[in-house]
Amino acid sequence: MTQAFDIVVVGAGMVGAALATGLGQAGFSVAVVDRAPPPSFNPDERPDIRVSALSAGSERYLDTLGAWQAIRQMRATPYRRLAVWDETRHPLQTLIPGRLAEVAFDACELGAPHLGHIVENSITQQALWQSAEAEPSVTLVHGQGVASLQQDQHSATVTLDDGQTLTAALIIGADGARSRVRELAGIGTTRNQYSQQAMVISVRYQGSVEDITWQGFLPSGPRAFLPLHTAGDNHPGESWASLVWYDAPDELARLKSLDNAELMAEIQSGFPADLPPLTHIDRKASFPIARQHAKHYFAGRVVLAGDAAHTINPLAGQGVNLGFQDAQCLQMLMREAKRAGEDLSSERWLAPYEQQRRPANHRMMMTMDLFYHLFSNRIPPVHLLRNLGLGAARALPFARNRVARYAMGIDDELPAVIRQLASRLPGLGQL
Ligand SMILES: Cc1cc2nc3c(=O)[nH]c(=O)nc-3n(C[C@H](O)[C@H](O)[C@H](O)COP(=O)(O)OP(=O)(O)OC[C@H]3O[C@@H](n4cnc5c(N)ncnc54)[C@H](O)[C@@H]3O)c2cc1C
């Protein structure tokens with residue numbers, strides 16, 4: 001049996017579930033399909049290994065979808081300060097005063113209550129599924145992947161793994177970095193695999209919940225400490241945190257093969273002594289990281305959003321924040337198309353989506369690559385430039401705050417000097 005909708009969203013991850021909710025609220029009939037089972041939340045369980053720093057802009061969007069309150073009721077950790085440290089050893093180190101290599105962002109300086117929230121991905125997804133389910137015009141289909149796609153002048157049809165067919169005027173591919181919808185629509189990508197991977201380690205530490213995140217830069221890759229919630233009555237006086245360790249795949253494989261006591265010793269020597277004392281390693285997982293950009297954001301009746309359209313280096317945690325910006329833009333244009341009584345897949349609406357979102361996503365990719373190239377580098381002149389750059393950023397609170405405001409989703413534009421630096425990076429012209 002074929003079911004008909006205005007829009008089918010493939011992938012109910014954070015971006016797809018947000019889109020389905022927003023489109024449902026705008027009065028569209030929407031089916032949202034995910035091959036995974038529904039997410040679940042148990043307050044007594046250890047945290048999800050995947051967490052994201054959600055910007056103030058994402059928080060506002062999730063609030064309009066009715067999901068932010070549910071996220072806060074489950075678990076979300078606000079962070080008010082961000083410390084950046086550079087522990088790189090290099091021949092020119094003696095020329096540069098150590099304190100120049102530190103930049104700290106404080107929400108007070110930006111006139112904001114916080115810089116963002118660290119939220120477990122499964123909690124954001126769960127809250128969005130609840131919001132989607134509360135919309136009468138949204139149908140959630142889980143446990144079924146999309147197997148094939150056909151489209152013609154009048155409609156597009158997806159066939160699910162169990163043979164069910166769903167037809168709509170528009171199919172949104174929000175099915176992640178290895179998007180099947182993108183492949184079925186014949187949309188290629190440009191891709192650059194970084195020489196680093198990311199290992200995430202869930203830990204507990206002694207002390208109450210911190211309001212500061214740490215990011216350290218080493219030539220082998222960044223390291224980060226992201227505070228999470230209290231560990232509760234089972235572990236009095238302790239809190240959870242997520243460590244992120246970027247390094248070469250061989251080194252991460254070595255670290256993963258260590259037992260917890262050995263890994264703890266490596267963490268203690270590889271992270272700054274200022275961090276609260278760690279008490280327990282819960283689990284670890286590694287993720288390949290790549291910059292990937294779809295060659296087109298739409299083809300016929302198919303349009304891409306979130307990681308299906310773009311993935312970036314997660315070193316400053318921006319991936320899903322960009323995906324939420326795609327979702328808001330697409331929702332707004334679909335509302336306009338509905339008001340005009342036009343075909344939702346018309347270029348009149350999908351071309352502006354690509355025109356608005358591609359340059360914005362590209363700009364953030366370039367910024368992350370600028371950081372990647374500046375910090376993952378042993379060449380002395382680059383070190384010097386980099387440290388002077390951080391020194392300048394420290395000396396110029398205005399420029400520094402502009403970068404922070406951009407990363408938080410408050411400002412749309414990066415300072416011109418950062419844009420110019422990023423545009424000179426090798427390989428970025430191909431995006
Ligand atoms: C180590 C690491 C740290 C990160 N930290 C941050 C951070 O701090 N802040 C931030 O903003 N971003 C961060 N990111 C990026 C962020 O996780 C992604 O950008 C985000 O998860 C993308 O969401 P999405 O909904 O587009 O895709 P996904 O989360 O990949 O969801 C895709 C969904 O589609 C479903 N699906 C896939 N194929 C099919 C199919 N054929 N049929 C049906 N369903 C399908 C999947 O089950 C899944 O639910 C990080 C990434 C990594 C690797």
# chains A, B, ... in the order shown; residues from 1 in each chain; ligands from 1

$ closest_atom_pairs --of "chain A" --to "ligand 1" --cutoff "6 Å" --atoms "only C-alpha atoms and all ligand atoms" --output "JSON lines"
{"residue": "A:Val10", "atom": "CA", "partner": "ligand 1", "partner_atom_place_in_ligand_line": "43 (C)", "distance": 5.3}
{"residue": "A:Gly11", "atom": "CA", "partner": "ligand 1", "partner_atom_place_in_ligand_line": "34 (O)", "distance": 3.3}
{"residue": "A:Ala12", "atom": "CA", "partner": "ligand 1", "partner_atom_place_in_ligand_line": "49 (O)", "distance": 4.9}
{"residue": "A:Gly13", "atom": "CA", "partner": "ligand 1", "partner_atom_place_in_ligand_line": "31 (O)", "distance": 3.7}
{"residue": "A:Met14", "atom": "CA", "partner": "ligand 1", "partner_atom_place_in_ligand_line": "25 (O)", "distance": 4.1}
{"residue": "A:Val15", "atom": "CA", "partner": "ligand 1", "partner_atom_place_in_ligand_line": "25 (O)", "distance": 3.8}
{"residue": "A:Gly16", "atom": "CA", "partner": "ligand 1", "partner_atom_place_in_ligand_line": "25 (O)", "distance": 5.4}
{"residue": "A:Val33", "atom": "CA", "partner": "ligand 1", "partner_atom_place_in_ligand_line": "43 (C)", "distance": 5.5}
{"residue": "A:Asp34", "atom": "CA", "partner": "ligand 1", "partner_atom_place_in_ligand_line": "44 (N)", "distance": 3.6}
{"residue": "A:Arg35", "atom": "CA", "partner": "ligand 1", "partner_atom_place_in_ligand_line": "44 (N)", "distance": 4.3}
{"residue": "A:Ala36", "atom": "CA", "partner": "ligand 1", "partner_atom_place_in_ligand_line": "47 (O)", "distance": 4.7}
{"residue": "A:Ser52", "atom": "CA", "partner": "ligand 1", "partner_atom_place_in_ligand_line": "8 (O)", "distance": 3.4}
{"residue": "A:Ala53", "atom": "CA", "partner": "ligand 1", "partner_atom_place_in_ligand_line": "8 (O)", "distance": 3.8}
{"residue": "A:Leu54", "atom": "CA", "partner": "ligand 1", "partner_atom_place_in_ligand_line": "11 (O)", "distance": 5.8}
{"residue": "A:Gly145", "atom": "CA", "partner": "ligand 1", "partner_atom_place_in_ligand_line": "42 (N)", "distance": 3.3}
{"residue": "A:Val146", "atom": "CA", "partner": "ligand 1", "partner_atom_place_in_ligand_line": "42 (N)", "distance": 4.2}
{"residue": "A:Ala174", "atom": "CA", "partner": "ligand 1", "partner_atom_place_in_ligand_line": "26 (O)", "distance": 5.5}
{"residue": "A:Asp175", "atom": "CA", "partner": "ligand 1", "partner_atom_place_in_ligand_line": "34 (O)", "distance": 3.4}
{"residue": "A:Gly176", "atom": "CA", "partner": "ligand 1", "partner_atom_place_in_ligand_line": "30 (O)", "distance": 3.5}
{"residue": "A:Ala177", "atom": "CA", "partner": "ligand 1", "partner_atom_place_in_ligand_line": "30 (O)", "distance": 5.9}
{"residue": "A:Ser179", "atom": "CA", "partner": "ligand 1", "partner_atom_place_in_ligand_line": "38 (N)", "distance": 5.8}
{"residue": "A:Arg180", "atom": "CA", "partner": "ligand 1", "partner_atom_place_in_ligand_line": "41 (N)", "distance": 5.0}
{"residue": "A:Ala198", "atom": "CA", "partner": "ligand 1", "partner_atom_place_in_ligand_line": "1 (C)", "distance": 5.4}
{"residue": "A:Phe287", "atom": "CA", "partner": "ligand 1", "partner_atom_place_in_ligand_line": "53 (C)", "distance": 5.3}
{"residue": "A:Gly306", "atom": "CA", "partner": "ligand 1", "partner_atom_place_in_ligand_line": "26 (O)", "distance": 3.7}
{"residue": "A:Asp307", "atom": "CA", "partner": "ligand 1", "partner_atom_place_in_ligand_line": "26 (O)", "distance": 3.9}
{"residue": "A:Ala308", "atom": "CA", "partner": "ligand 1", "partner_atom_place_in_ligand_line": "26 (O)", "distance": 6.0}
{"residue": "A:Pro314", "atom": "CA", "partner": "ligand 1", "partner_atom_place_in_ligand_line": "4 (C)", "distance": 4.9}
{"residue": "A:Gly317", "atom": "CA", "partner": "ligand 1", "partner_atom_place_in_ligand_line": "7 (C)", "distance": 3.3}
{"residue": "A:Gln318", "atom": "CA", "partner": "ligand 1", "partner_atom_place_in_ligand_line": "11 (O)", "distance": 3.7}
{"residue": "A:Gly319", "atom": "CA", "partner": "ligand 1", "partner_atom_place_in_ligand_line": "19 (O)", "distance": 3.4}
{"residue": "A:Val320", "atom": "CA", "partner": "ligand 1", "partner_atom_place_in_ligand_line": "11 (O)", "distance": 3.6}
{"residue": "A:Asn321", "atom": "CA", "partner": "ligand 1", "partner_atom_place_in_ligand_line": "11 (O)", "distance": 4.3}
{"residue": "A:Gly323", "atom": "CA", "partner": "ligand 1", "partner_atom_place_in_ligand_line": "26 (O)", "distance": 5.9}

$ select_by_dssp --residues "range 163-300 of chain A" --states "strand (DSSP E)" --output "count of residues only"
72

$ closest_residue --among "A:Gln328, A:Gln153, A:Ser345, A:Gln356" --to "Leu65 in chain A" --atoms "only C-alpha atoms"
A:Gln328

$ residues_around --residues "Ser346 in chain A" --least-positions-apart "3" --cutoff "12 Å" --atoms "only C-alpha atoms" --output "VMD selection string"
chain A and resid 153 to 155 169 to 170 298 to 303 333 to 334 336 to 338 340 to 343 349 to 353

$ closest_residue --among "A:Ala4, A:Ala231, A:Ala70, A:Ala185" --to "Lys295 in chain A" --atoms "only C-alpha atoms"
A:Ala185

$ select_by_dssp --residues "range 272-389 of chain A" --states "alpha helix (DSSP H)" --output "VMD selection string"
chain A and resid 319 to 340 347 to 375 380 to 389

$ closest_residue --among "A:Val30, A:Ala294, A:Ile123, A:Ala265" --to "Ile7 in chain A" --atoms "only C-alpha atoms"
A:Val30
